[in-house]
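query.csv (CSV, C-alpha atoms)
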```csv
chain,number,residue,atom,x,y,z
A,1,MET,CA,0.0,0.0,0.0
A,2,LYS,CA,1.2,3.5,-0.8
A,3,ILE,CA,0.2,7.0,0.4
A,4,GLY,CA,-0.2,8.7,-3.0
A,5,LYS,CA,3.1,8.2,-4.8
A,6,PHE,CA,5.1,7.3,-1.8
A,7,THR,CA,6.3,4.2,-0.1
A,8,VAL,CA,6.3,5.0,3.6
A,9,ILE,CA,8.6,3.5,6.3
A,10,ASP,CA,8.3,4.5,9.9
A,11,SER,CA,11.9,4.4,11.1
A,12,HIS,CA,11.3,4.7,14.8
A,13,CYS,CA,9.0,2.4,16.7
A,14,HIS,CA,9.2,0.7,20.0
A,15,ILE,CA,7.5,-2.6,20.6
A,16,TYR,CA,7.1,-4.9,23.6
A,17,PRO,CA,5.9,-8.4,24.4
A,18,THR,CA,2.1,-8.2,25.1
A,19,LYS,CA,2.5,-9.3,28.8
A,20,ILE,CA,4.8,-6.3,29.6
A,21,ALA,CA,3.6,-3.7,27.0
A,22,LYS,CA,1.2,-1.9,29.3
A,23,PRO,CA,3.7,-1.2,32.1
A,24,ALA,CA,6.5,-0.4,29.6
A,25,VAL,CA,4.4,2.1,27.8
A,26,GLU,CA,3.2,3.7,31.1
A,27,SER,CA,6.8,4.0,32.3
A,28,THR,CA,7.9,5.7,29.1
A,29,GLY,CA,5.0,8.1,29.4
A,30,ARG,CA,6.0,9.0,32.9
A,31,PHE,CA,9.6,9.5,31.8
A,32,TYR,CA,8.5,12.1,29.3
A,33,ASP,CA,5.5,13.4,31.2
A,34,MET,CA,3.3,12.5,28.3
A,35,THR,CA,0.3,10.2,27.8
A,36,ALA,CA,1.3,7.6,25.2
A,37,LEU,CA,-1.1,7.3,22.3
A,38,GLY,CA,-0.3,3.6,21.5
A,39,ASP,CA,-0.2,0.4,23.4
A,40,GLY,CA,3.2,-0.8,22.4
A,41,THR,CA,2.1,-4.1,20.7
A,42,VAL,CA,3.0,-5.2,17.2
A,43,ASN,CA,-0.6,-5.9,16.3
A,44,SER,CA,-1.7,-2.4,17.2
A,45,LEU,CA,1.2,-0.9,15.2
A,46,LEU,CA,0.4,-2.9,12.1
A,47,ALA,CA,-3.3,-2.0,12.4
A,48,ILE,CA,-2.4,1.7,12.5
A,49,GLY,CA,-0.1,1.2,9.5
A,50,GLU,CA,-2.8,-0.5,7.5
A,51,ARG,CA,-5.2,2.3,8.1
A,52,ALA,CA,-2.6,5.1,7.4
A,53,GLY,CA,-0.9,3.5,4.4
A,54,ILE,CA,2.4,3.0,6.1
A,55,ASP,CA,4.3,0.1,4.4
A,56,ARG,CA,6.9,-0.9,6.9
A,57,PHE,CA,8.3,-0.2,10.4
A,58,VAL,CA,11.7,-0.2,12.0
A,59,VAL,CA,11.2,-1.7,15.4
A,60,GLN,CA,13.4,-1.8,18.5
A,61,SER,CA,13.5,-1.8,22.3
A,62,VAL,CA,16.0,-0.7,24.9
A,63,ALA,CA,17.9,-2.8,27.4
A,64,THR,CA,18.0,-1.1,30.8
A,65,THR,CA,20.3,-3.8,32.2
A,66,PRO,CA,22.9,-6.0,30.5
A,67,HIS,CA,21.0,-9.2,31.2
A,68,GLN,CA,18.1,-8.0,29.1
A,69,VAL,CA,20.1,-7.6,25.9
A,70,GLN,CA,19.9,-11.0,24.4
A,71,SER,CA,16.2,-11.6,25.3
A,72,ILE,CA,15.2,-8.3,23.8
A,73,ASN,CA,17.1,-8.9,20.6
A,74,LYS,CA,15.6,-12.4,20.3
A,75,PHE,CA,12.1,-10.9,20.8
A,76,ILE,CA,12.7,-8.3,18.1
A,77,ALA,CA,14.0,-10.9,15.7
A,78,ASP,CA,11.1,-13.2,16.3
A,79,GLU,CA,8.6,-10.4,15.6
A,80,VAL,CA,10.5,-9.6,12.4
A,81,SER,CA,10.4,-13.3,11.3
A,82,THR,CA,6.6,-13.3,11.9
A,83,PHE,CA,6.1,-10.2,9.8
A,84,PRO,CA,9.1,-10.1,7.4
A,85,ASN,CA,7.4,-7.9,4.9
A,86,LYS,CA,6.4,-5.3,7.5
A,87,LEU,CA,9.1,-5.1,10.1
A,88,ILE,CA,12.8,-4.2,10.0
A,89,GLY,CA,14.5,-4.9,13.3
A,90,LEU,CA,17.2,-3.2,15.3
A,91,GLY,CA,19.1,-4.8,18.2
A,92,THR,CA,20.0,-3.2,21.6
A,93,MET,CA,23.3,-3.1,23.5
A,94,HIS,CA,24.2,-2.0,27.0
A,95,PRO,CA,27.6,-0.5,27.9
A,96,ASP,CA,27.9,-2.6,31.1
A,97,SER,CA,27.7,-5.9,29.2
A,98,LEU,CA,30.7,-8.2,29.8
A,99,ASP,CA,30.7,-9.4,26.2
A,100,LEU,CA,29.9,-6.5,23.8
A,101,LYS,CA,31.5,-8.2,20.9
A,102,GLY,CA,29.4,-11.3,21.5
A,103,ASP,CA,26.3,-9.1,21.8
A,104,LEU,CA,26.9,-7.5,18.4
A,105,GLU,CA,27.7,-10.9,16.8
A,106,HIS,CA,24.3,-12.1,18.2
A,107,ILE,CA,22.6,-9.1,16.7
A,108,LYS,CA,24.1,-9.9,13.3
A,109,GLU,CA,23.2,-13.6,13.6
A,110,LEU,CA,19.6,-12.6,14.2
A,111,GLY,CA,19.5,-10.6,11.0
A,112,LEU,CA,19.0,-7.3,12.7
A,113,HIS,CA,20.1,-4.2,10.9
A,114,GLY,CA,21.5,-1.8,13.5
A,115,VAL,CA,21.7,-0.9,17.2
A,116,LYS,CA,19.4,1.2,19.3
A,117,LEU,CA,20.9,3.1,22.3
A,118,HIS,CA,19.1,5.5,24.7
A,119,PRO,CA,21.5,7.4,26.8
A,120,ASP,CA,18.9,9.0,29.1
A,121,ILE,CA,17.1,5.7,29.9
A,122,GLN,CA,20.2,3.6,30.0
A,123,LYS,CA,22.0,6.2,32.1
A,124,PHE,CA,25.2,6.8,30.2
A,125,LYS,CA,26.7,9.9,28.7
A,126,ILE,CA,27.2,9.6,24.9
A,127,ASP,CA,30.9,10.3,25.3
A,128,ASP,CA,31.4,8.0,28.3
A,129,TYR,CA,34.5,5.8,27.9
A,130,ARG,CA,32.3,2.7,28.4
A,131,LEU,CA,30.6,3.4,25.0
A,132,LEU,CA,33.8,3.6,23.0
A,133,LYS,CA,34.0,-0.2,22.5
A,134,ILE,CA,30.4,-0.2,21.1
A,135,TYR,CA,31.2,2.6,18.7
A,136,GLU,CA,34.4,0.8,17.6
A,137,LEU,CA,32.6,-2.5,17.0
A,138,CYS,CA,29.7,-0.9,15.2
A,139,GLU,CA,32.0,1.1,13.0
A,140,LYS,CA,34.0,-2.0,12.1
A,141,GLU,CA,30.9,-4.0,11.4
A,142,ASN,CA,29.1,-1.2,9.5
A,143,MET,CA,26.2,-1.3,11.9
A,144,PRO,CA,24.3,2.0,12.2
A,145,ILE,CA,23.4,3.3,15.6
A,146,LEU,CA,20.0,4.8,16.2
A,147,MET,CA,20.5,7.0,19.3
A,148,HIS,CA,18.1,9.0,21.3
A,149,THR,CA,19.6,12.5,21.3
A,150,GLY,CA,18.6,15.6,23.3
A,151,ASP,CA,16.8,16.4,26.5
A,152,TYR,CA,16.8,19.8,28.3
A,153,ARG,CA,16.4,18.0,31.6
A,154,PHE,CA,19.6,15.9,31.5
A,155,ASP,CA,23.1,16.0,30.1
A,156,PHE,CA,23.4,12.4,29.0
A,157,SER,CA,22.5,12.8,25.3
A,158,ASN,CA,22.8,16.4,24.4
A,159,PRO,CA,24.5,17.5,21.2
A,160,ASN,CA,27.8,18.6,22.7
A,161,ARG,CA,28.5,15.0,23.9
A,162,LEU,CA,28.0,13.6,20.4
A,163,VAL,CA,30.4,16.0,18.6
A,164,PRO,CA,33.7,14.2,19.8
A,165,ILE,CA,32.2,10.8,18.8
A,166,LEU,CA,31.4,11.9,15.3
A,167,ASP,CA,34.9,13.4,15.1
A,168,ILE,CA,36.6,10.2,16.1
A,169,TYR,CA,34.5,7.5,14.5
A,170,LYS,CA,34.2,9.1,11.0
A,171,ASN,CA,33.0,5.8,9.4
A,172,LEU,CA,30.3,5.2,12.0
A,173,THR,CA,26.8,6.0,11.0
A,174,ILE,CA,24.7,7.6,13.8
A,175,ILE,CA,21.0,8.4,13.4
A,176,GLY,CA,20.1,11.1,16.0
A,177,ALA,CA,16.5,10.6,16.9
A,178,HIS,CA,14.1,13.6,17.3
A,179,LEU,CA,15.8,15.7,14.6
A,180,GLY,CA,19.1,15.4,16.4
A,181,GLY,CA,18.0,16.7,19.8
A,182,TRP,CA,14.6,16.4,21.5
A,183,SER,CA,13.7,19.7,23.1
A,184,VAL,CA,17.1,21.2,22.0
A,185,TRP,CA,16.5,21.2,18.3
A,186,ASP,CA,18.3,24.4,17.5
A,187,GLU,CA,21.4,23.5,19.4
A,188,ALA,CA,21.4,20.1,17.7
A,189,VAL,CA,21.2,21.4,14.2
A,190,GLU,CA,23.9,24.1,14.9
A,191,LYS,CA,26.4,21.6,16.3
A,192,LEU,CA,25.6,18.4,14.3
A,193,SER,CA,24.4,19.3,10.8
A,194,GLY,CA,27.9,19.5,9.3
A,195,TYR,CA,28.7,15.8,10.0
A,196,LYS,CA,28.2,13.6,6.9
A,197,ASN,CA,28.0,10.5,9.0
A,198,PHE,CA,25.2,11.9,11.1
A,199,TYR,CA,21.5,11.4,10.1
A,200,VAL,CA,18.3,12.3,12.0
A,201,ASP,CA,14.8,11.1,12.2
A,202,SER,CA,11.6,13.2,12.6
A,203,SER,CA,10.2,11.4,15.6
A,204,SER,CA,8.9,13.3,18.7
A,205,SER,CA,9.5,16.6,17.0
A,206,LEU,CA,6.8,17.7,14.6
A,207,TYR,CA,4.2,17.9,17.4
A,208,GLU,CA,6.2,20.8,18.9
A,209,LEU,CA,7.9,22.6,16.0
A,210,PRO,CA,6.1,25.1,13.8
A,211,ILE,CA,5.9,23.9,10.1
A,212,ASP,CA,8.4,26.5,8.8
A,213,HIS,CA,10.9,25.8,11.6
A,214,ALA,CA,10.7,22.0,11.1
A,215,THR,CA,11.1,22.5,7.4
A,216,GLU,CA,14.2,24.7,7.9
A,217,ILE,CA,15.8,22.2,10.2
A,218,ILE,CA,15.2,19.3,7.8
A,219,ARG,CA,16.7,21.3,4.9
A,220,THR,CA,19.7,22.3,7.0
A,221,TYR,CA,20.5,18.7,7.7
A,222,GLY,CA,19.6,17.9,4.1
A,223,ALA,CA,16.7,15.7,3.0
A,224,ASP,CA,19.1,13.0,2.1
A,225,ARG,CA,20.0,12.7,5.8
A,226,VAL,CA,16.5,12.7,7.3
A,227,LEU,CA,14.2,9.7,8.0
A,228,PHE,CA,10.5,9.8,8.8
A,229,GLY,CA,9.7,8.4,12.3
A,230,SER,CA,6.9,8.4,14.8
A,231,ASP,CA,8.3,7.2,18.1
A,232,PHE,CA,5.4,4.8,18.6
A,233,PRO,CA,3.8,4.2,21.1
A,234,VAL,CA,4.4,7.7,22.6
A,235,PHE,CA,3.1,9.1,19.3
A,236,SER,CA,0.9,7.5,16.7
A,237,PRO,CA,2.3,6.8,13.3
A,238,ASP,CA,-0.8,8.0,11.4
A,239,ILE,CA,-0.8,11.4,13.2
A,240,GLU,CA,2.9,11.8,12.7
A,241,LEU,CA,2.6,11.0,9.0
A,242,GLU,CA,-0.1,13.7,8.6
A,243,ARG,CA,2.2,16.2,10.3
A,244,PHE,CA,5.0,15.2,8.0
A,245,MET,CA,2.9,15.5,4.9
A,246,ALA,CA,1.8,19.0,5.9
A,247,LEU,CA,5.5,20.2,5.5
A,248,PRO,CA,6.1,22.1,2.3
A,249,LEU,CA,8.7,19.7,0.9
A,250,THR,CA,9.3,18.7,-2.6
A,251,GLU,CA,8.3,15.3,-4.0
A,252,LYS,CA,12.0,14.3,-4.2
A,253,GLU,CA,12.5,15.3,-0.5
A,254,ARG,CA,9.5,13.4,0.6
A,255,ARG,CA,10.6,10.3,-1.2
A,256,MET,CA,14.0,10.3,0.4
A,257,ILE,CA,12.7,10.9,3.9
A,258,LEU,CA,9.8,8.5,3.7
A,259,SER,CA,11.7,5.5,2.5
A,260,GLU,CA,14.8,5.9,0.4
A,261,ASN,CA,17.1,7.0,3.2
A,262,VAL,CA,16.2,4.3,5.6
A,263,LEU,CA,16.6,1.5,3.0
A,264,LYS,CA,20.0,2.8,2.1
A,265,LEU,CA,21.2,3.3,5.7
A,266,TYR,CA,20.1,-0.2,6.9
A,267,ASN,CA,21.1,-1.9,3.6
A,268,ILE,CA,17.6,-3.1,2.9
A,269,LYS,CA,16.9,-4.6,-0.5
```

Is it possible to express this structure as structure tokens?
Amino acid sequence: MKIGKFTVIDSHCHIYPTKIAKPAVESTGRFYDMTALGDGTVNSLLAIGERAGIDRFVVQSVATTPHQVQSINKFIADEVSTFPNKLIGLGTMHPDSLDLKGDLEHIKELGLHGVKLHPDIQKFKIDDYRLLKIYELCEKENMPILMHTGDYRFDFSNPNRLVPILDIYKNLTIIGAHLGGWSVWDEAVEKLSGYKNFYVDSSSSLYELPIDHATEIIRTYGADRVLFGSDFPVFSPDIELERFMALPLTEKERRMILSENVLKLYNIK
């Protein structure tokens, strides 16, 4: 299914096993002081996609402790195998794991296409020395990292901490969620837009930014370095797609952001 001329891939969705979805979603809502719009389950996500004309979803979850890593990655891989034409999976890692290399090898064996990190929830600074091995491994294995970036309340994930990482790991692809810096969008685009190995997604941003401002930020990064994303279940993919389609972008820009960029970054055929 297509929305008009466009194939649509939502590049930023969190999913959980049904038995823990409700408390997981409620916990995320409390963290951001928001009421989540979705229930965090795959079936709900796919139903929204069917109604909205969204073709595929990049799905992930975050390990808050090292012992959760392998079970979360197995869950994501199982869901992808159940819905192979709808889901693209990312793995998770944790800086306190005793076997980071083994964790990344497991992610690759499961057929997952990248790594999701969330500094604020996982409680590490982007430039913490514990993360350097993860960056080194992902750069070597050509595994993109989707990273939560930005939060005015904390200093774990703000743009200044990402600058030295992008300077050092020049062949590492990092996708900064939330247009590079949730709640600190202008600081993010000022500090990060010049890095060619840095991409952003539109999740958890369009609800707050005026249309002209959002369009300016996207064009400063460049439409070839922006991905459409919703941040399900906090936001609903259908509503976020409507917000995105309201931006005064060209057909070429929409095509890149809605599908072409994510397929290229994650090497999806």

Shell around A:His67 at 12 Å using only C-alpha atoms, local window under 5 positions removed, as a ChimeraX atom specification:
/A:62,72-73,92-100,103

Name the residues in contact with A:Thr28 at a cut-off of 12 Å, using all atoms listed in the file, excluding same-chain residues fewer than 3 positions from it; report them as number ranges by chain.
A: 14-16, 21-25, 31-40, 61-62, 120-121, 231-235

Of A:His148, A:Lys101, A:His213, A:Lys108, the one nearest to A:Gln122 when counting all atoms listed in the file is A:His148

Please tabulate, as CSV, the residues of stretch 58-165 of chain A that come within 8 Å of stretch 180-185 of chain A, each with its closest pair of atoms and the distance in Å to one decimal, counting all atoms listed in the file and ordering rows by chain, then residue number upward.
```
residue,atom,partner,partner_atom,distance
A:His148,CA,A:Gly181,CA,7.8
A:Thr149,CA,A:Gly181,CA,4.7
A:Gly150,CA,A:Gly181,CA,3.7
A:Asp151,CA,A:Trp182,CA,5.5
A:Tyr152,CA,A:Ser183,CA,6.1
A:Asn158,CA,A:Gly181,CA,6.7
A:Pro159,CA,A:Gly181,CA,6.7
```

Export of the given selection (C-alpha atoms) as a compact mmCIF listing (two decimals), in the frame of the given file:
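This is the output file out32.txt:
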```
# COMPACT_ATOMS: atom_id res chain seq x y z
CA HIS A 148 18.10 9.00 21.30
CA THR A 149 19.60 12.50 21.30
CA GLY A 150 18.60 15.60 23.30
CA ASP A 151 16.80 16.40 26.50
CA TYR A 152 16.80 19.80 28.30
CA ASN A 158 22.80 16.40 24.40
CA PRO A 159 24.50 17.50 21.20
```

Given all atoms listed in the file as the basis, pick out the residue of A:Leu112, A:Leu241, A:Ala52, A:Ala214 nearest to A:Ile76.
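Ranking A:Leu112, A:Leu241, A:Ala52, A:Ala214 by distance to A:Ile76, first place goes to A:Leu112.
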
Give me, please, the distance in Å between atom CA of A:His12 and atom CA of A:Ser202, quoted to one decimal.
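For atom CA of A:His12 relative to atom CA of A:Ser202, the distance reads 8.8 Å.
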